[in-house]
>>> print(open('final.txt').read())   # compact mmCIF, C-alpha atoms and all ligand atoms
# COMPACT_ATOMS: atom_id res chain seq x y z
CA MET A 53 118.68 -67.01 -140.74
CA GLY A 54 122.40 -66.46 -141.13
CA ASP A 55 123.10 -69.88 -142.59
CA LEU A 56 124.29 -69.21 -146.15
CA GLU A 57 123.70 -72.81 -147.23
CA ALA A 58 120.05 -72.75 -146.14
CA GLN A 59 119.61 -69.27 -147.63
CA SER A 60 120.85 -70.40 -151.03
CA GLY A 61 117.63 -72.44 -151.33
CA TRP A 62 115.46 -69.34 -150.92
CA GLY A 63 113.76 -67.59 -153.80
CA PHE A 64 115.27 -64.43 -155.32
CA GLU A 65 112.89 -62.05 -153.52
CA THR A 66 113.62 -63.62 -150.13
CA ARG A 67 117.38 -63.50 -150.67
CA ALA A 68 117.18 -59.84 -151.74
CA ILE A 69 115.59 -58.95 -148.41
CA HIS A 70 117.39 -61.29 -146.00
CA VAL A 71 120.82 -62.51 -147.15
CA GLY A 72 123.54 -60.67 -145.21
CA GLN A 73 120.80 -58.79 -143.36
CA ASP A 74 120.05 -60.73 -140.18
CA PRO A 75 118.68 -58.56 -137.35
CA ASP A 76 121.58 -56.87 -135.53
CA PRO A 77 122.69 -59.31 -132.76
CA THR A 78 123.26 -56.57 -130.14
CA THR A 79 120.13 -54.44 -130.65
CA GLY A 80 117.75 -56.51 -132.75
CA ALA A 81 117.64 -53.72 -135.38
CA VAL A 82 115.87 -55.12 -138.44
CA VAL A 83 117.61 -52.73 -140.83
CA THR A 84 121.33 -53.30 -141.40
CA PRO A 85 123.19 -50.61 -139.42
CA ILE A 86 125.39 -48.10 -141.27
CA THR A 87 128.76 -48.67 -139.62
CA LEU A 88 130.70 -45.44 -140.03
CA SER A 89 133.67 -46.44 -137.89
CA THR A 90 136.86 -46.39 -139.95
CA THR A 91 138.68 -48.69 -137.55
CA PHE A 92 137.85 -51.62 -135.28
CA ALA A 93 139.24 -52.48 -131.84
CA GLN A 94 141.60 -55.44 -131.50
CA SER A 95 141.74 -57.39 -128.23
CA SER A 96 145.40 -58.20 -128.84
CA VAL A 97 147.53 -57.58 -131.91
CA GLY A 98 145.88 -59.25 -134.90
CA GLU A 99 142.87 -60.47 -132.85
CA HIS A 100 139.56 -58.87 -133.86
CA LYS A 101 135.95 -59.60 -134.75
CA GLY A 102 136.56 -59.83 -138.51
CA PHE A 103 137.10 -56.15 -139.24
CA GLU A 104 140.30 -54.09 -138.90
CA TYR A 105 140.10 -51.01 -141.10
CA SER A 106 137.17 -49.89 -143.23
CA ARG A 107 138.96 -49.85 -146.62
CA SER A 108 139.79 -53.54 -146.09
CA GLY A 109 136.34 -54.47 -144.82
CA ASN A 110 133.23 -52.84 -143.37
CA PRO A 111 130.13 -54.52 -141.90
CA THR A 112 127.63 -52.58 -144.05
CA ARG A 113 129.68 -53.36 -147.16
CA SER A 114 129.90 -57.03 -146.16
CA ALA A 115 126.10 -57.18 -145.91
CA LEU A 116 125.76 -55.74 -149.43
CA GLU A 117 128.46 -58.04 -150.79
CA ALA A 118 126.77 -61.14 -149.36
CA CYS A 119 123.34 -60.11 -150.62
CA VAL A 120 124.20 -59.22 -154.24
CA ALA A 121 126.57 -62.22 -154.56
CA SER A 122 123.64 -64.42 -153.57
CA LEU A 123 121.38 -62.78 -156.18
CA GLU A 124 123.98 -63.50 -158.89
CA ASN A 125 124.30 -67.15 -157.70
CA ALA A 126 127.91 -66.23 -156.91
CA LYS A 127 130.23 -67.40 -154.16
CA HIS A 128 132.03 -64.05 -153.94
CA GLY A 129 130.83 -60.43 -154.10
CA LEU A 130 132.88 -57.21 -154.03
CA ALA A 131 131.42 -53.71 -153.81
CA PHE A 132 133.09 -50.60 -155.29
CA ALA A 133 132.68 -46.84 -155.33
CA SER A 134 131.36 -46.86 -158.94
CA GLY A 135 130.79 -49.22 -161.83
CA LEU A 136 133.98 -47.94 -163.44
CA ALA A 137 135.98 -48.51 -160.23
CA ALA A 138 134.75 -52.13 -160.31
CA GLU A 139 135.76 -52.41 -163.99
CA ASP A 140 139.18 -50.91 -163.29
CA ASN A 141 139.70 -53.49 -160.55
CA VAL A 142 139.03 -56.28 -163.07
CA LEU A 143 141.41 -54.79 -165.65
CA ARG A 144 144.19 -55.00 -163.04
CA LEU A 145 144.07 -58.77 -163.62
CA LEU A 146 145.64 -58.23 -167.08
CA PRO A 147 149.14 -59.68 -167.48
CA PRO A 148 151.72 -57.51 -169.29
CA GLY A 149 150.57 -57.10 -172.91
CA GLY A 150 147.24 -58.88 -172.28
CA ARG A 151 144.53 -57.98 -174.81
CA VAL A 152 140.92 -57.07 -174.07
CA LEU A 153 138.30 -58.01 -176.66
CA LEU A 154 135.41 -55.59 -176.18
CA GLY A 155 132.00 -56.11 -177.76
CA ASN A 156 131.40 -53.47 -180.45
CA ASP A 157 128.56 -51.89 -178.49
CA ALA A 158 129.19 -50.92 -174.87
CA TYR A 159 128.87 -48.03 -172.42
CA GLY A 160 131.05 -45.12 -173.59
CA GLY A 161 132.84 -44.96 -170.23
CA THR A 162 133.83 -48.63 -170.46
CA PHE A 163 135.23 -48.00 -173.94
CA ARG A 164 137.10 -44.95 -172.59
CA LEU A 165 138.61 -46.90 -169.67
CA ILE A 166 139.78 -49.79 -171.88
CA ALA A 167 140.81 -47.85 -175.02
CA LYS A 168 142.02 -44.52 -173.60
CA VAL A 169 143.32 -45.36 -170.11
CA TRP A 170 144.53 -48.98 -170.17
CA SER A 171 145.50 -49.42 -173.82
CA PRO A 172 148.19 -46.66 -173.83
CA LEU A 173 149.79 -48.44 -170.85
CA GLY A 174 150.53 -51.47 -173.05
CA PHE A 175 147.32 -53.50 -172.94
CA PRO A 176 145.95 -53.77 -176.50
CA TRP A 177 142.24 -53.93 -177.19
CA SER A 178 140.01 -54.68 -180.16
CA ALA A 179 136.31 -54.21 -180.82
CA VAL A 180 134.54 -57.37 -181.96
CA ASP A 181 131.06 -58.38 -183.08
CA LEU A 182 130.21 -60.88 -180.38
CA THR A 183 126.95 -61.91 -182.09
CA ASP A 184 129.19 -63.64 -184.67
CA VAL A 185 130.76 -66.44 -182.62
CA ALA A 186 132.10 -68.28 -185.70
CA SER A 187 134.11 -65.19 -186.65
CA LEU A 188 135.28 -64.77 -183.03
CA ARG A 189 136.57 -68.34 -183.10
CA ALA A 190 138.21 -67.96 -186.54
CA ASN A 191 139.85 -64.58 -185.85
CA TRP A 192 140.88 -65.06 -182.22
CA PRO A 193 143.89 -62.84 -181.33
CA SER A 194 146.34 -65.09 -179.48
CA ASP A 195 147.23 -62.44 -176.87
CA THR A 196 143.61 -62.15 -175.65
CA THR A 197 143.19 -62.40 -171.87
CA ILE A 198 139.71 -60.96 -171.29
CA VAL A 199 136.53 -60.95 -173.38
CA TRP A 200 134.34 -58.11 -172.13
CA LEU A 201 130.69 -57.99 -173.05
CA GLU A 202 127.43 -56.35 -172.16
CA THR A 203 124.13 -58.10 -172.80
CA PRO A 204 121.85 -56.34 -173.52
CA THR A 205 124.35 -53.74 -174.74
CA ASN A 206 124.30 -50.04 -173.99
CA PRO A 207 122.70 -48.40 -175.99
CA LEU A 208 121.72 -50.69 -178.91
CA LEU A 209 120.37 -53.48 -176.64
CA THR A 210 122.02 -56.21 -178.71
CA CYS A 211 122.00 -59.54 -176.87
CA ILE A 212 125.00 -61.84 -176.82
CA ASP A 213 124.92 -65.60 -176.26
CA ILE A 214 127.02 -65.78 -173.07
CA ALA A 215 127.48 -69.57 -173.18
CA ALA A 216 128.66 -69.51 -176.82
CA VAL A 217 131.21 -66.73 -176.19
CA ALA A 218 132.40 -68.43 -172.98
CA GLU A 219 132.98 -71.67 -174.84
CA VAL A 220 135.31 -69.97 -177.39
CA ALA A 221 137.06 -67.85 -174.74
CA HIS A 222 137.69 -70.75 -172.38
CA ALA A 223 138.99 -72.95 -175.20
CA ASN A 224 141.57 -70.20 -175.80
CA GLY A 225 142.46 -69.64 -172.14
CA ALA A 226 140.69 -66.28 -171.71
CA ILE A 227 138.12 -65.21 -169.14
CA VAL A 228 134.69 -63.71 -169.86
CA VAL A 229 133.48 -60.60 -168.07
CA VAL A 230 129.77 -59.83 -168.41
CA ASP A 231 128.39 -56.41 -167.55
CA ASN A 232 124.94 -57.32 -166.22
CA THR A 233 123.86 -53.75 -165.47
CA PHE A 234 120.99 -53.64 -167.99
CA ALA A 235 119.55 -57.08 -167.22
CA THR A 236 120.15 -57.22 -163.43
CA PRO A 237 120.37 -60.59 -161.66
CA TYR A 238 116.56 -60.72 -161.57
CA LEU A 239 116.45 -61.19 -165.34
CA GLN A 240 119.80 -62.89 -166.04
CA GLN A 241 122.53 -64.65 -164.06
CA PRO A 242 125.60 -64.73 -166.35
CA LEU A 243 127.72 -66.99 -164.10
CA ASP A 244 125.17 -69.77 -164.69
CA HIS A 245 125.87 -69.45 -168.44
CA GLY A 246 129.66 -69.69 -168.15
CA ALA A 247 130.75 -66.10 -167.44
CA ASP A 248 133.73 -65.80 -165.08
CA ILE A 249 133.04 -62.35 -163.60
CA VAL A 250 129.86 -60.28 -163.48
CA VAL A 251 130.18 -56.49 -163.38
CA HIS A 252 127.52 -54.01 -162.27
CA SER A 253 127.06 -50.33 -162.21
CA ALA A 254 125.08 -50.45 -158.94
CA THR A 255 124.22 -46.83 -159.72
CA LYS A 256 121.48 -48.21 -161.97
CA TYR A 257 118.83 -50.87 -161.21
CA LEU A 258 120.50 -52.25 -158.06
CA GLY A 259 120.34 -48.83 -156.36
CA GLY A 260 117.23 -48.01 -158.34
CA HIS A 261 116.52 -44.47 -157.12
CA SER A 262 119.14 -42.19 -158.75
CA ASP A 263 120.69 -41.38 -155.38
CA VAL A 264 123.86 -43.47 -155.16
CA VAL A 265 126.88 -44.22 -157.36
CA GLY A 266 128.29 -47.72 -156.90
CA GLY A 267 129.80 -50.77 -158.56
CA PHE A 268 129.87 -54.50 -157.96
CA LEU A 269 131.72 -57.67 -158.99
CA ALA A 270 130.36 -61.20 -158.53
CA LEU A 271 132.19 -64.46 -159.25
CA ASN A 272 132.67 -68.09 -158.21
CA ASP A 273 136.37 -68.73 -158.79
CA ASP A 274 138.27 -68.63 -155.48
CA SER A 275 141.69 -67.64 -156.82
CA LEU A 276 140.32 -64.87 -159.07
CA ALA A 277 138.26 -63.62 -156.12
CA GLU A 278 141.34 -63.55 -153.92
CA ARG A 279 143.22 -61.44 -156.50
CA LEU A 280 140.29 -59.06 -156.95
CA ARG A 281 139.81 -58.73 -153.18
CA TYR A 282 143.52 -58.00 -152.79
CA THR A 283 143.34 -55.20 -155.38
CA GLN A 284 140.08 -53.86 -153.95
CA ASN A 285 141.98 -53.21 -150.72
CA ALA A 286 145.35 -52.31 -152.28
CA ALA A 287 143.96 -49.78 -154.80
CA GLY A 288 141.11 -48.74 -152.50
CA GLY A 289 138.17 -48.00 -154.81
CA VAL A 290 135.66 -48.92 -152.10
CA PRO A 291 132.18 -47.45 -151.46
CA ALA A 292 131.19 -45.47 -148.36
CA PRO A 293 129.04 -47.33 -145.79
CA PHE A 294 126.09 -45.02 -146.43
CA ASP A 295 126.26 -45.79 -150.16
CA CYS A 296 126.32 -49.53 -149.35
CA TYR A 297 123.19 -49.05 -147.26
CA LEU A 298 121.42 -47.24 -150.12
CA VAL A 299 122.21 -50.01 -152.62
CA LEU A 300 121.15 -52.66 -150.08
CA ARG A 301 117.85 -50.81 -149.57
CA GLY A 302 117.34 -50.57 -153.33
CA VAL A 303 118.00 -54.27 -153.89
CA LYS A 304 115.14 -55.22 -151.53
CA THR A 305 112.61 -54.07 -154.16
CA LEU A 306 114.59 -55.06 -157.27
CA ALA A 307 112.19 -57.87 -158.24
CA LEU A 308 109.12 -55.67 -157.91
CA ARG A 309 110.69 -52.81 -159.82
CA MET A 310 111.99 -55.00 -162.64
CA GLU A 311 108.56 -56.47 -163.28
CA ARG A 312 107.09 -52.99 -163.71
CA HIS A 313 110.09 -51.77 -165.75
CA CYS A 314 109.55 -54.69 -168.16
CA SER A 315 105.79 -54.26 -168.53
CA ASN A 316 106.09 -50.49 -168.96
CA ALA A 317 108.85 -50.99 -171.56
CA ARG A 318 106.50 -53.28 -173.53
CA ALA A 319 103.81 -50.57 -173.55
CA VAL A 320 106.37 -48.01 -174.75
CA VAL A 321 107.63 -50.37 -177.47
CA ASP A 322 104.06 -50.82 -178.77
CA LEU A 323 103.58 -47.05 -178.91
CA LEU A 324 106.89 -46.54 -180.74
CA LEU A 325 106.21 -49.34 -183.24
CA GLY A 326 102.98 -47.61 -184.25
CA HIS A 327 104.35 -44.06 -184.61
CA PRO A 328 105.15 -42.81 -188.11
CA ALA A 329 108.15 -40.66 -187.02
CA VAL A 330 110.00 -43.72 -185.66
CA ASP A 331 112.40 -45.54 -187.96
CA ARG A 332 113.49 -48.57 -185.91
CA VAL A 333 112.67 -49.79 -182.40
CA LEU A 334 115.41 -51.64 -180.53
CA TYR A 335 114.12 -54.00 -177.81
CA PRO A 336 115.31 -57.57 -177.16
CA GLN A 337 111.77 -59.01 -177.18
CA LEU A 338 111.20 -58.07 -180.83
CA PRO A 339 111.69 -61.20 -182.98
CA ASP A 340 113.94 -59.41 -185.51
CA HIS A 341 116.11 -57.79 -182.83
CA PRO A 342 119.85 -58.68 -182.95
CA GLY A 343 120.35 -61.44 -180.39
CA HIS A 344 116.64 -62.01 -179.71
CA ALA A 345 117.24 -65.78 -179.60
CA ALA A 346 120.06 -65.36 -177.05
CA ALA A 347 117.86 -63.07 -174.95
CA ALA A 348 114.97 -65.54 -175.05
CA LYS A 349 117.34 -68.30 -173.97
CA GLN A 350 119.21 -66.62 -171.12
CA MET A 351 116.87 -63.88 -169.79
CA ASN A 352 113.65 -64.24 -167.77
CA ASP A 353 112.22 -61.09 -169.38
CA PHE A 354 113.51 -58.35 -171.67
CA GLY A 355 114.23 -55.39 -169.41
CA GLY A 356 113.32 -51.75 -169.01
CA MET A 357 115.62 -50.16 -171.60
CA VAL A 358 114.29 -49.21 -175.03
CA SER A 359 116.16 -47.43 -177.84
CA PHE A 360 114.85 -46.15 -181.17
CA THR A 361 115.98 -44.26 -184.26
CA LEU A 362 114.02 -41.51 -185.94
CA LYS A 363 113.33 -41.01 -189.63
CA GLY A 364 114.15 -37.30 -189.18
CA GLY A 365 117.80 -38.00 -188.21
CA ILE A 366 119.74 -36.15 -185.55
CA GLU A 367 117.52 -33.04 -185.54
CA ALA A 368 114.45 -35.17 -184.83
CA ALA A 369 116.33 -37.08 -182.11
CA LEU A 370 117.45 -33.87 -180.38
CA THR A 371 113.91 -32.45 -180.61
CA VAL A 372 112.29 -35.51 -179.04
CA ALA A 373 114.95 -35.66 -176.31
CA LYS A 374 114.04 -32.14 -175.12
CA SER A 375 110.27 -32.41 -175.63
CA THR A 376 109.13 -34.96 -173.05
CA ARG A 377 107.86 -33.92 -169.63
CA ILE A 378 107.78 -37.13 -167.59
CA PHE A 379 110.85 -38.67 -169.25
CA THR A 380 113.61 -36.41 -167.88
CA LEU A 381 116.46 -35.54 -170.25
CA ALA A 382 119.45 -36.91 -168.31
CA GLU A 383 122.27 -39.46 -168.38
CA SER A 384 122.01 -42.68 -166.34
CA LEU A 385 119.28 -45.31 -166.20
CA GLY A 386 117.64 -47.99 -164.12
CA ALA A 387 115.84 -45.88 -161.54
CA VAL A 388 112.15 -45.48 -160.71
CA GLU A 389 111.86 -42.30 -162.78
CA SER A 390 111.93 -42.47 -166.58
CA LEU A 391 114.86 -40.87 -168.40
CA ILE A 392 115.50 -39.98 -172.04
CA GLU A 393 118.86 -39.21 -173.63
CA HIS A 394 120.77 -38.81 -176.89
CA PRO A 395 123.65 -41.35 -176.65
CA GLY A 396 125.66 -39.80 -179.52
CA ARG A 397 125.97 -36.45 -177.72
CA MET A 398 125.73 -37.67 -174.12
CA THR A 399 126.65 -41.12 -172.69
CA HIS A 400 128.55 -42.29 -175.77
CA ALA A 401 130.20 -39.05 -176.91
CA SER A 402 133.61 -40.53 -175.99
CA ALA A 403 133.09 -43.32 -178.58
CA ALA A 404 132.76 -40.90 -181.54
CA GLY A 405 135.05 -41.97 -184.39
CA SER A 406 135.63 -45.43 -182.84
CA PRO A 407 134.08 -48.80 -183.82
CA LEU A 408 131.67 -48.20 -180.93
CA GLN A 409 130.24 -44.97 -182.36
CA VAL A 410 126.41 -44.92 -182.15
CA PRO A 411 123.90 -43.68 -184.78
CA ASP A 412 123.13 -39.97 -184.36
CA SER A 413 119.38 -40.49 -184.90
CA LEU A 414 119.32 -42.74 -181.82
CA VAL A 415 117.34 -41.96 -178.66
CA ARG A 416 117.63 -44.11 -175.52
CA LEU A 417 114.87 -44.50 -172.93
CA SER A 418 115.17 -45.81 -169.41
CA VAL A 419 111.54 -46.70 -168.81
CA GLY A 420 110.67 -46.12 -165.16
CA VAL A 421 107.85 -47.42 -162.97
CA GLU A 422 105.36 -44.58 -163.43
CA SER A 423 101.94 -45.16 -165.02
CA ALA A 424 102.41 -46.81 -168.43
CA HIS A 425 99.56 -44.69 -169.79
CA ASP A 426 101.24 -41.43 -168.75
CA LEU A 427 104.60 -42.53 -170.18
CA CYS A 428 103.06 -43.40 -173.54
CA GLU A 429 101.10 -40.13 -173.71
CA ASP A 430 104.27 -38.19 -172.88
CA LEU A 431 106.20 -39.87 -175.69
CA ARG A 432 103.35 -39.61 -178.18
CA THR A 433 103.09 -35.85 -177.56
CA ALA A 434 106.86 -35.40 -178.05
CA LEU A 435 106.89 -37.52 -181.25
CA ASP A 436 103.82 -35.74 -182.66
CA ARG A 437 105.84 -32.49 -182.57
CA LEU A 438 107.95 -33.90 -185.41
CA SER A 439 105.08 -34.09 -187.91
O1 LIG A 501 128.59 -44.75 -163.73
P1 LIG A 501 129.24 -45.95 -163.08
O2 LIG A 501 128.54 -46.40 -161.84
O3 LIG A 501 130.70 -45.80 -162.90
O4 LIG A 501 129.01 -47.19 -164.09
C1 LIG A 501 129.55 -47.23 -165.37
C2 LIG A 501 128.71 -48.11 -166.26
C3 LIG A 501 129.11 -49.43 -166.44
N1 LIG A 501 128.40 -50.27 -167.22
C4 LIG A 501 127.27 -49.88 -167.84
C5 LIG A 501 126.54 -50.84 -168.71
C6 LIG A 501 126.81 -48.57 -167.69
O5 LIG A 501 125.69 -48.21 -168.32
C7 LIG A 501 127.54 -47.65 -166.88
C8 LIG A 501 127.12 -46.24 -166.71
N2 LIG A 501 126.20 -45.80 -167.66
C9 LIG A 501 125.63 -44.56 -167.73
C10 LIG A 501 125.90 -43.57 -166.86
C11 LIG A 501 124.67 -44.35 -168.83
O6 LIG A 501 123.87 -43.40 -168.79
O7 LIG A 501 124.67 -45.16 -169.75
>>> encode(input="final.txt", output="structure tokens", more="lines below")
Ligand code: P1T
Amino acid sequence: MGDLEAQSGWGFETRAIHVGQDPDPTTGAVVTPITLSTTFAQSSVGEHKGFEYSRSGNPTRSALEACVASLENAKHGLAFASGLAAEDNVLRLLPPGGRVLLGNDAYGGTFRLIAKVWSPLGFPWSAVDLTDVASLRANWPSDTTIVWLETPTNPLLTCIDIAAVAEVAHANGAIVVVDNTFATPYLQQPLDHGADIVVHSATKYLGGHSDVVGGFLALNDDSLAERLRYTQNAAGGVPAPFDCYLVLRGVKTLALRMERHCSNARAVVDLLLGHPAVDRVLYPQLPDHPGHAAAAKQMNDFGGMVSFTLKGGIEAALTVAKSTRIFTLAESLGAVESLIEHPGRMTHASAAGSPLQVPDSLVRLSVGVESAHDLCEDLRTALDRLS
């Protein structure tokens, strides 16, 4: 072990468990130690074993960075204190006046960071329909520096053709940032399709157990990586060693969890499709779903997130959201336990009145890894209350 070149030939599951995680050379410990030391001894000024000060670099963080970079087929990985801290680090690449094109469906906090924090500082943004690549090409704003997309999107689960968007962006000198939080590297590796930077909220599937907030960036370009690494240290949005350990532990079972998330989501989709109170089911596997063809092309499976609208409008949505027992009413997603939420009033409240506003009859499910039968019965009981 320890030889990155040899490890790159390993399968995903093997890399998740071993890359960056060789047994500790001094003790033989099989689990990566949590190195709490904030500083590291130097034998003479400037001479050390690779670590100086924990904001700049920490052994537990390095293990996580090597592992998740490998899962994204990336040369470089950078861990952050939250998904938004990782995003903020990317936005610091913007040149004066540089524009961000944001897909017209995205996490409310990403919209807030771009439109409410960065834009007033002199970095314009626009919302665009990234499923319409011809229109993107025809209406390209010349000051665009970054195209920012999620696929599948949060919360409408629209899928975007990464290669097609990258082709237009690169022809115009912009970079493409793909938020891969919903798909995870097990289902989709955006760098292989032409993305320049992959963003994660590690709080979600990477951590997988609702017990750690974290963020991640993965990329191949050396000079971009150098700039991002410089800002990671200079601005300091780094994760604690214990949090790095928790994400690293979560990643070991990512493949197993994703398989169950996907199969449980399919069972839930079938239940929803057959229920008379449901208006529309949003899931990338459905042939009429926006971006289904892109999803089928670039994903290995369709994920654990399912959204749906209700014929009874907002009142019905709020009733269902508070009526389940196994699906817990809470923000966040991607963990072993199933969650239900109302995006309009919860995760996407900050997008109200913007082009990213979501329908108020929408309910979002993060389908966990419990028994599919129990999850379906729980939802059926909640939906039956509407009739
Ligand atoms: O919460 P944080 O780790 O800072 O990550 C932000 C973030 C970034 N990108 C996507 C696609 C996300 O979904 C999130 C966070 N989302 C939720 C908390 C949510 O419930 O949708």
>>> residues_around(input="final.txt", residues="range 157-166 of chain A", least_positions_apart="6", cutoff="7 Å", atoms="all atoms listed in the file", output="tab-separated table (two decimals) with C-alpha atoms, keeping the file's coordinate frame")
chain	number	residue	atom	x	y	z
A	202	GLU	CA	127.43	-56.35	-172.16
A	205	THR	CA	124.35	-53.74	-174.74
A	206	ASN	CA	124.30	-50.04	-173.99
A	208	LEU	CA	121.72	-50.69	-178.91
A	399	THR	CA	126.65	-41.12	-172.69
A	400	HIS	CA	128.55	-42.29	-175.77
A	401	ALA	CA	130.20	-39.05	-176.91
A	402	SER	CA	133.61	-40.53	-175.99
A	403	ALA	CA	133.09	-43.32	-178.58
A	408	LEU	CA	131.67	-48.20	-180.93
>>> residues_near_ligand(input="final.txt", ligand="ligand LIG 501 (chain A)", cutoff="7 Å", atoms="only C-alpha atoms and all ligand atoms", output="PyMOL selection string")
chain A and resi 134-137+158-159+161-162+202+206+231+233-234+252-255+265-267+383-385+399
>>> closest_residue(input="final.txt", among="A:Pro207, A:Pro339, A:Gly356, A:Gly225", to="Ser390 in chain A", atoms="all atoms listed in the file")
A:Gly356
>>> atom_distance(input="final.txt", atom1="CA of Ala270 in chain A", atom2="CA of Ala126 in chain A")
5.8 Å
>>> residues_around(input="final.txt", residues="Arg281 in chain A", least_positions_apart="2", cutoff="12 Å", atoms="all atoms listed in the file", output="MDAnalysis selection string")
chainID A and resid 107:109 117 128:132 138 141:142 144:145 268:271 273:279 283:290
>>> residues_around(input="final.txt", residues="Thr380 in chain A", least_positions_apart="6", cutoff="12 Å", atoms="all atoms listed in the file", output="PyMOL selection string")
chain A and resi 372-374+387-394+416-420+427+430-431
>>> axis_aligned_box(input="final.txt", around="range 288-295 of chain A", padding_each_side="5 Å", output="AutoDock Vina command-line options")
--center_x 133.6 --center_y -47.0 --center_z -150.3 --size_x 25.0 --size_y 13.9 --size_z 19.0
>>> residues_around(input="final.txt", residues="range 190-200 of chain A", least_positions_apart="6", cutoff="7 Å", atoms="all atoms listed in the file", output="MDAnalysis selection string")
chainID A and resid 146 150:155 226:230
